Amino acid sequence: MSIKHALTAIAMLALPGTAVADPTGSYSLVGRNPDSGEEYTGTVEVTRHGETYIVVWDIGGKESIGTGLGAKFVGESRFEIGPASSDDTAISVGYVAEDNFGIAMYFEQPDGTWQGVWTYGGSEKVTGEIWTRD
């Protein structure tokens, strides 16, 4: 499956429903470590900073900071990536964690959670994370 098809499939999960859009806010999170497969928990705070997002994770007392771009459906079948907006139903984030970096992408789900995938520099694996509003 091509990356374009994979992103389209993931984006389809974010179709409007009872969700409220706008990724800004405070969340509890649960994810899985890509190396060990162990579950982890923490918090994440998303704020809009001009045309970007600032994303700050706190997992086990360790902070990671990212900068994100927004995305949303325009019409019925076109997905648009660009400046942060309260209409965003997806967020793509580059982040720094200790001595490494990574990339993540999250999509709002019909139940209001934000589900995504992430990886870090040099990894061969991708894993998931779910954000639930506090």
# chains A, B, ... in the order shown; residues from 1 in each chain; ligands from 1
>>> residues_around(residues="Ser86 (chain A)", least_positions_apart="2", cutoff="12 Å", atoms="only C-alpha atoms", output="JSON, numbers by chain")
{"A": [20, 21, 22, 23, 24, 25, 46, 47, 48, 49, 50, 51, 52, 53, 69, 70, 71, 72, 83, 84, 88, 89, 90, 91]}
>>> residues_around(residues="Val96 (chain A)", least_positions_apart="5", cutoff="6 Å", atoms="only C-alpha atoms", output="PyMOL selection string")
chain A and resi 64-65+101
>>> write_last_selection(atoms="C-alpha atoms", output="PDB file, in the first residue's frame")
ATOM      1  CA  SER A  64       8.980  16.093  24.511  1.00  0.00           C
ATOM      2  CA  ILE A  65       8.158  19.205  22.502  1.00  0.00           C
ATOM      3  CA  PHE A 101      13.641  13.535  17.034  1.00  0.00           C
TER       4      PHE A 101
END
>>> residues_around(residues="Gly116 (chain A)", least_positions_apart="5", cutoff="7 Å", atoms="only C-alpha atoms", output="ChimeraX atom specification")
/A:104-107,128-130
>>> residues_around(residues="Ile103 (chain A)", least_positions_apart="3", cutoff="12 Å", atoms="only C-alpha atoms", output="list in words")
Val55, Ser64, Ile65, Gly66, Thr67, Gly68, Leu69, Ile91, Ser92, Val93, Gly94, Tyr95, Val96, Ala97, Asn100, Tyr106, Gly116, Val117, Trp118, Thr119, Tyr120, Gly121, Gly122, Ser123, Lys125, Val126, Thr127 and Gly128 of chain A
>>> write_last_selection(atoms="N, CA and C atoms", output="JSON list (two decimals), in the first residue's frame")
[["chain", "number", "residue", "atom", "x", "y", "z"],
["A", 55, "VAL", "N", 3.05, 21.29, 20.71],
["A", 55, "VAL", "CA", 2.59, 20.06, 21.33],
["A", 55, "VAL", "C", 3.63, 19.66, 22.37],
["A", 64, "SER", "N", 8.64, 16.00, 25.93],
["A", 64, "SER", "CA", 8.98, 16.09, 24.51],
["A", 64, "SER", "C", 8.19, 17.25, 23.94],
["A", 65, "ILE", "N", 8.81, 18.02, 23.05],
["A", 65, "ILE", "CA", 8.16, 19.20, 22.50],
["A", 65, "ILE", "C", 8.14, 19.11, 20.99],
["A", 66, "GLY", "N", 6.97, 19.45, 20.41],
["A", 66, "GLY", "CA", 6.82, 19.38, 18.97],
["A", 66, "GLY", "C", 6.15, 20.61, 18.39],
["A", 67, "THR", "N", 6.30, 20.75, 17.08],
["A", 67, "THR", "CA", 5.62, 21.79, 16.30],
["A", 67, "THR", "C", 4.78, 21.09, 15.26],
["A", 68, "GLY", "N", 3.51, 21.54, 15.13],
["A", 68, "GLY", "CA", 2.60, 20.85, 14.24],
["A", 68, "GLY", "C", 1.93, 21.73, 13.21],
["A", 69, "LEU", "N", 1.44, 21.06, 12.17],
["A", 69, "LEU", "CA", 0.63, 21.65, 11.12],
["A", 69, "LEU", "C", -0.76, 21.04, 11.21],
["A", 91, "ILE", "N", -3.61, 16.53, 12.80],
["A", 91, "ILE", "CA", -2.43, 17.31, 13.12],
["A", 91, "ILE", "C", -1.19, 16.45, 12.85],
["A", 92, "SER", "N", -0.22, 17.05, 12.18],
["A", 92, "SER", "CA", 1.05, 16.39, 11.90],
["A", 92, "SER", "C", 2.12, 17.11, 12.69],
["A", 93, "VAL", "N", 2.95, 16.36, 13.42],
["A", 93, "VAL", "CA", 3.88, 16.97, 14.38],
["A", 93, "VAL", "C", 5.29, 16.42, 14.21],
["A", 94, "GLY", "N", 6.26, 17.31, 14.13],
["A", 94, "GLY", "CA", 7.66, 16.94, 14.27],
["A", 94, "GLY", "C", 8.05, 17.27, 15.70],
["A", 95, "TYR", "N", 8.81, 16.40, 16.36],
["A", 95, "TYR", "CA", 9.12, 16.64, 17.77],
["A", 95, "TYR", "C", 10.56, 16.29, 18.12],
["A", 96, "VAL", "N", 10.99, 16.81, 19.28],
["A", 96, "VAL", "CA", 12.30, 16.53, 19.85],
["A", 96, "VAL", "C", 12.07, 15.89, 21.22],
["A", 97, "ALA", "N", 12.76, 14.76, 21.45],
["A", 97, "ALA", "CA", 12.66, 14.05, 22.73],
["A", 97, "ALA", "C", 14.07, 13.67, 23.16],
["A", 100, "ASN", "N", 16.91, 12.81, 20.57],
["A", 100, "ASN", "CA", 16.43, 12.29, 19.29],
["A", 100, "ASN", "C", 15.27, 13.15, 18.79],
["A", 106, "TYR", "N", -1.88, 12.59, 13.92],
["A", 106, "TYR", "CA", -3.07, 12.25, 14.68],
["A", 106, "TYR", "C", -4.32, 12.67, 13.93],
["A", 116, "GLY", "N", -3.37, 8.33, 16.64],
["A", 116, "GLY", "CA", -2.29, 8.60, 15.71],
["A", 116, "GLY", "C", -1.20, 7.55, 15.72],
["A", 117, "VAL", "N", -0.24, 7.81, 14.87],
["A", 117, "VAL", "CA", 0.95, 6.96, 14.76],
["A", 117, "VAL", "C", 2.18, 7.85, 14.90],
["A", 118, "TRP", "N", 3.27, 7.25, 15.37],
["A", 118, "TRP", "CA", 4.51, 8.00, 15.50],
["A", 118, "TRP", "C", 5.70, 7.08, 15.36],
["A", 119, "THR", "N", 6.83, 7.70, 15.09],
["A", 119, "THR", "CA", 8.11, 7.01, 15.06],
["A", 119, "THR", "C", 9.20, 8.01, 15.45],
["A", 120, "TYR", "N", 10.40, 7.53, 15.65],
["A", 120, "TYR", "CA", 11.51, 8.42, 16.01],
["A", 120, "TYR", "C", 12.67, 8.19, 15.04],
["A", 121, "GLY", "N", 13.58, 9.13, 15.01],
["A", 121, "GLY", "CA", 14.72, 9.07, 14.10],
["A", 121, "GLY", "C", 15.51, 7.78, 14.24],
["A", 122, "GLY", "N", 15.72, 7.09, 13.12],
["A", 122, "GLY", "CA", 16.49, 5.86, 13.09],
["A", 122, "GLY", "C", 15.69, 4.60, 13.35],
["A", 123, "SER", "N", 14.43, 4.74, 13.74],
["A", 123, "SER", "CA", 13.61, 3.56, 14.02],
["A", 123, "SER", "C", 13.12, 2.91, 12.73],
["A", 125, "LYS", "N", 10.32, 1.05, 13.11],
["A", 125, "LYS", "CA", 8.97, 0.70, 13.53],
["A", 125, "LYS", "C", 8.09, 1.94, 13.69],
["A", 126, "VAL", "N", 6.80, 1.72, 13.56],
["A", 126, "VAL", "CA", 5.78, 2.74, 13.79],
["A", 126, "VAL", "C", 4.84, 2.18, 14.85],
["A", 127, "THR", "N", 4.39, 3.04, 15.74],
["A", 127, "THR", "CA", 3.48, 2.60, 16.79],
["A", 127, "THR", "C", 2.35, 3.62, 16.97],
["A", 128, "GLY", "N", 1.40, 3.32, 17.84],
["A", 128, "GLY", "CA", 0.24, 4.18, 17.98],
["A", 128, "GLY", "C", 0.13, 4.85, 19.33]]
>>> select_by_dssp(residues="chain A", states="alpha helix (DSSP H)", output="ChimeraX atom specification")
/A:3-13
>>> closest_residue(among="A:Glu124, A:Glu45, A:Glu80, A:Asp134", to="Asp58 (chain A)", atoms="only C-alpha atoms")
A:Glu45
>>> closest_residue(among="A:Pro34, A:Ser85, A:Ile59, A:Thr43", to="Thr132 (chain A)", atoms="only C-alpha atoms")
A:Thr43
>>> decode(residues="region 57-93 of chain A", atoms="N, CA, C and O atoms", output="PDB file, in the first residue's frame")
ATOM      1  N   TRP A  57       4.363  16.798  25.247  1.00  0.00           N
ATOM      2  CA  TRP A  57       4.058  15.522  25.886  1.00  0.00           C
ATOM      3  C   TRP A  57       4.790  15.439  27.218  1.00  0.00           C
ATOM      4  O   TRP A  57       5.921  15.907  27.336  1.00  0.00           O
ATOM      5  N   ASP A  58       4.182  14.810  28.206  1.00  0.00           N
ATOM      6  CA  ASP A  58       4.845  14.465  29.463  1.00  0.00           C
ATOM      7  C   ASP A  58       4.562  12.985  29.696  1.00  0.00           C
ATOM      8  O   ASP A  58       3.437  12.586  29.991  1.00  0.00           O
ATOM      9  N   ILE A  59       5.607  12.190  29.545  1.00  0.00           N
ATOM     10  CA  ILE A  59       5.481  10.744  29.711  1.00  0.00           C
ATOM     11  C   ILE A  59       6.531  10.303  30.723  1.00  0.00           C
ATOM     12  O   ILE A  59       7.732  10.429  30.471  1.00  0.00           O
ATOM     13  N   GLY A  60       6.072   9.833  31.856  1.00  0.00           N
ATOM     14  CA  GLY A  60       6.988   9.389  32.901  1.00  0.00           C
ATOM     15  C   GLY A  60       7.908  10.493  33.390  1.00  0.00           C
ATOM     16  O   GLY A  60       9.049  10.240  33.739  1.00  0.00           O
ATOM     17  N   GLY A  61       7.419  11.748  33.398  1.00  0.00           N
ATOM     18  CA  GLY A  61       8.228  12.868  33.862  1.00  0.00           C
ATOM     19  C   GLY A  61       9.206  13.397  32.825  1.00  0.00           C
ATOM     20  O   GLY A  61       9.946  14.335  33.105  1.00  0.00           O
ATOM     21  N   LYS A  62       9.226  12.804  31.632  1.00  0.00           N
ATOM     22  CA  LYS A  62      10.100  13.279  30.558  1.00  0.00           C
ATOM     23  C   LYS A  62       9.268  14.056  29.546  1.00  0.00           C
ATOM     24  O   LYS A  62       8.230  13.582  29.092  1.00  0.00           O
ATOM     25  N   GLU A  63       9.746  15.254  29.211  1.00  0.00           N
ATOM     26  CA  GLU A  63       9.007  16.123  28.313  1.00  0.00           C
ATOM     27  C   GLU A  63       9.555  16.058  26.892  1.00  0.00           C
ATOM     28  O   GLU A  63      10.762  16.048  26.684  1.00  0.00           O
ATOM     29  N   SER A  64       8.641  16.001  25.933  1.00  0.00           N
ATOM     30  CA  SER A  64       8.980  16.093  24.511  1.00  0.00           C
ATOM     31  C   SER A  64       8.187  17.253  23.945  1.00  0.00           C
ATOM     32  O   SER A  64       7.028  17.452  24.305  1.00  0.00           O
ATOM     33  N   ILE A  65       8.806  18.021  23.055  1.00  0.00           N
ATOM     34  CA  ILE A  65       8.158  19.205  22.502  1.00  0.00           C
ATOM     35  C   ILE A  65       8.135  19.112  20.989  1.00  0.00           C
ATOM     36  O   ILE A  65       9.142  18.775  20.358  1.00  0.00           O
ATOM     37  N   GLY A  66       6.966  19.451  20.414  1.00  0.00           N
ATOM     38  CA  GLY A  66       6.816  19.377  18.967  1.00  0.00           C
ATOM     39  C   GLY A  66       6.150  20.613  18.390  1.00  0.00           C
ATOM     40  O   GLY A  66       5.528  21.392  19.092  1.00  0.00           O
ATOM     41  N   THR A  67       6.297  20.755  17.078  1.00  0.00           N
ATOM     42  CA  THR A  67       5.622  21.787  16.304  1.00  0.00           C
ATOM     43  C   THR A  67       4.777  21.094  15.259  1.00  0.00           C
ATOM     44  O   THR A  67       5.260  20.175  14.584  1.00  0.00           O
ATOM     45  N   GLY A  68       3.509  21.542  15.132  1.00  0.00           N
ATOM     46  CA  GLY A  68       2.600  20.847  14.241  1.00  0.00           C
ATOM     47  C   GLY A  68       1.925  21.727  13.214  1.00  0.00           C
ATOM     48  O   GLY A  68       1.835  22.948  13.373  1.00  0.00           O
ATOM     49  N   LEU A  69       1.444  21.058  12.170  1.00  0.00           N
ATOM     50  CA  LEU A  69       0.627  21.649  11.123  1.00  0.00           C
ATOM     51  C   LEU A  69      -0.757  21.043  11.211  1.00  0.00           C
ATOM     52  O   LEU A  69      -0.913  19.894  11.617  1.00  0.00           O
ATOM     53  N   GLY A  70      -1.764  21.783  10.781  1.00  0.00           N
ATOM     54  CA  GLY A  70      -3.119  21.289  10.824  1.00  0.00           C
ATOM     55  C   GLY A  70      -3.554  20.695   9.500  1.00  0.00           C
ATOM     56  O   GLY A  70      -2.901  20.860   8.477  1.00  0.00           O
ATOM     57  N   ALA A  71      -4.692  20.004   9.529  1.00  0.00           N
ATOM     58  CA  ALA A  71      -5.283  19.433   8.315  1.00  0.00           C
ATOM     59  C   ALA A  71      -6.768  19.224   8.549  1.00  0.00           C
ATOM     60  O   ALA A  71      -7.216  19.055   9.685  1.00  0.00           O
ATOM     61  N   LYS A  72      -7.523  19.265   7.456  1.00  0.00           N
ATOM     62  CA  LYS A  72      -8.968  19.085   7.548  1.00  0.00           C
ATOM     63  C   LYS A  72      -9.514  18.678   6.194  1.00  0.00           C
ATOM     64  O   LYS A  72      -8.868  18.849   5.161  1.00  0.00           O
ATOM     65  N   PHE A  73     -10.734  18.149   6.220  1.00  0.00           N
ATOM     66  CA  PHE A  73     -11.433  17.836   4.976  1.00  0.00           C
ATOM     67  C   PHE A  73     -12.005  19.123   4.402  1.00  0.00           C
ATOM     68  O   PHE A  73     -12.542  19.953   5.133  1.00  0.00           O
ATOM     69  N   VAL A  74     -11.876  19.279   3.099  1.00  0.00           N
ATOM     70  CA  VAL A  74     -12.463  20.401   2.382  1.00  0.00           C
ATOM     71  C   VAL A  74     -13.381  19.768   1.350  1.00  0.00           C
ATOM     72  O   VAL A  74     -12.927  19.078   0.446  1.00  0.00           O
ATOM     73  N   GLY A  75     -14.675  19.941   1.515  1.00  0.00           N
ATOM     74  CA  GLY A  75     -15.617  19.224   0.671  1.00  0.00           C
ATOM     75  C   GLY A  75     -15.751  17.803   1.184  1.00  0.00           C
ATOM     76  O   GLY A  75     -15.459  17.511   2.339  1.00  0.00           O
ATOM     77  N   GLU A  76     -16.167  16.898   0.313  1.00  0.00           N
ATOM     78  CA  GLU A  76     -16.406  15.527   0.741  1.00  0.00           C
ATOM     79  C   GLU A  76     -15.194  14.619   0.641  1.00  0.00           C
ATOM     80  O   GLU A  76     -15.100  13.633   1.351  1.00  0.00           O
ATOM     81  N   SER A  77     -14.266  14.934  -0.262  1.00  0.00           N
ATOM     82  CA  SER A  77     -13.192  13.968  -0.482  1.00  0.00           C
ATOM     83  C   SER A  77     -11.801  14.577  -0.569  1.00  0.00           C
ATOM     84  O   SER A  77     -10.848  13.864  -0.838  1.00  0.00           O
ATOM     85  N   ARG A  78     -11.653  15.855  -0.333  1.00  0.00           N
ATOM     86  CA  ARG A  78     -10.336  16.482  -0.431  1.00  0.00           C
ATOM     87  C   ARG A  78      -9.813  16.820   0.961  1.00  0.00           C
ATOM     88  O   ARG A  78     -10.509  17.423   1.772  1.00  0.00           O
ATOM     89  N   PHE A  79      -8.582  16.438   1.221  1.00  0.00           N
ATOM     90  CA  PHE A  79      -7.927  16.665   2.497  1.00  0.00           C
ATOM     91  C   PHE A  79      -6.912  17.778   2.302  1.00  0.00           C
ATOM     92  O   PHE A  79      -6.102  17.727   1.384  1.00  0.00           O
ATOM     93  N   GLU A  80      -6.934  18.816   3.147  1.00  0.00           N
ATOM     94  CA  GLU A  80      -6.057  19.965   3.001  1.00  0.00           C
ATOM     95  C   GLU A  80      -5.158  20.094   4.220  1.00  0.00           C
ATOM     96  O   GLU A  80      -5.638  20.117   5.350  1.00  0.00           O
ATOM     97  N   ILE A  81      -3.853  20.198   3.982  1.00  0.00           N
ATOM     98  CA  ILE A  81      -2.874  20.365   5.053  1.00  0.00           C
ATOM     99  C   ILE A  81      -2.356  21.794   4.990  1.00  0.00           C
ATOM    100  O   ILE A  81      -2.077  22.310   3.912  1.00  0.00           O
ATOM    101  N   GLY A  82      -2.230  22.443   6.153  1.00  0.00           N
ATOM    102  CA  GLY A  82      -1.749  23.820   6.139  1.00  0.00           C
ATOM    103  C   GLY A  82      -1.695  24.433   7.518  1.00  0.00           C
ATOM    104  O   GLY A  82      -1.480  23.744   8.509  1.00  0.00           O
ATOM    105  N   PRO A  83      -1.944  25.744   7.583  1.00  0.00           N
ATOM    106  CA  PRO A  83      -1.867  26.454   8.863  1.00  0.00           C
ATOM    107  C   PRO A  83      -2.863  25.907   9.883  1.00  0.00           C
ATOM    108  O   PRO A  83      -3.943  25.438   9.537  1.00  0.00           O
ATOM    109  N   ALA A  84      -2.506  25.996  11.145  1.00  0.00           N
ATOM    110  CA  ALA A  84      -3.367  25.554  12.244  1.00  0.00           C
ATOM    111  C   ALA A  84      -4.676  26.318  12.237  1.00  0.00           C
ATOM    112  O   ALA A  84      -4.700  27.529  12.006  1.00  0.00           O
ATOM    113  N   SER A  85      -5.771  25.596  12.485  1.00  0.00           N
ATOM    114  CA  SER A  85      -7.104  26.190  12.451  1.00  0.00           C
ATOM    115  C   SER A  85      -8.019  25.445  13.420  1.00  0.00           C
ATOM    116  O   SER A  85      -7.846  24.248  13.655  1.00  0.00           O
ATOM    117  N   SER A  86      -9.021  26.143  13.931  1.00  0.00           N
ATOM    118  CA  SER A  86      -9.971  25.493  14.841  1.00  0.00           C
ATOM    119  C   SER A  86     -10.821  24.450  14.120  1.00  0.00           C
ATOM    120  O   SER A  86     -11.505  23.661  14.762  1.00  0.00           O
ATOM    121  N   ASP A  87     -10.762  24.405  12.788  1.00  0.00           N
ATOM    122  CA  ASP A  87     -11.493  23.407  12.004  1.00  0.00           C
ATOM    123  C   ASP A  87     -10.696  22.128  11.774  1.00  0.00           C
ATOM    124  O   ASP A  87     -11.192  21.192  11.150  1.00  0.00           O
ATOM    125  N   ASP A  88      -9.454  22.077  12.243  1.00  0.00           N
ATOM    126  CA  ASP A  88      -8.586  20.928  11.960  1.00  0.00           C
ATOM    127  C   ASP A  88      -9.117  19.643  12.581  1.00  0.00           C
ATOM    128  O   ASP A  88      -9.530  19.617  13.740  1.00  0.00           O
ATOM    129  N   THR A  89      -9.075  18.584  11.780  1.00  0.00           N
ATOM    130  CA  THR A  89      -9.440  17.252  12.244  1.00  0.00           C
ATOM    131  C   THR A  89      -8.232  16.323  12.211  1.00  0.00           C
ATOM    132  O   THR A  89      -8.357  15.127  12.423  1.00  0.00           O
ATOM    133  N   ALA A  90      -7.062  16.905  11.934  1.00  0.00           N
ATOM    134  CA  ALA A  90      -5.813  16.147  11.939  1.00  0.00           C
ATOM    135  C   ALA A  90      -4.675  17.096  12.270  1.00  0.00           C
ATOM    136  O   ALA A  90      -4.770  18.306  12.059  1.00  0.00           O
ATOM    137  N   ILE A  91      -3.612  16.532  12.796  1.00  0.00           N
ATOM    138  CA  ILE A  91      -2.427  17.315  13.123  1.00  0.00           C
ATOM    139  C   ILE A  91      -1.194  16.453  12.851  1.00  0.00           C
ATOM    140  O   ILE A  91      -1.161  15.268  13.193  1.00  0.00           O
ATOM    141  N   SER A  92      -0.225  17.047  12.184  1.00  0.00           N
ATOM    142  CA  SER A  92       1.045  16.386  11.898  1.00  0.00           C
ATOM    143  C   SER A  92       2.122  17.111  12.694  1.00  0.00           C
ATOM    144  O   SER A  92       2.199  18.343  12.643  1.00  0.00           O
ATOM    145  N   VAL A  93       2.946  16.359  13.425  1.00  0.00           N
ATOM    146  CA  VAL A  93       3.875  16.970  14.376  1.00  0.00           C
ATOM    147  C   VAL A  93       5.287  16.416  14.208  1.00  0.00           C
ATOM    148  O   VAL A  93       5.485  15.202  14.188  1.00  0.00           O
TER     149      VAL A  93
END
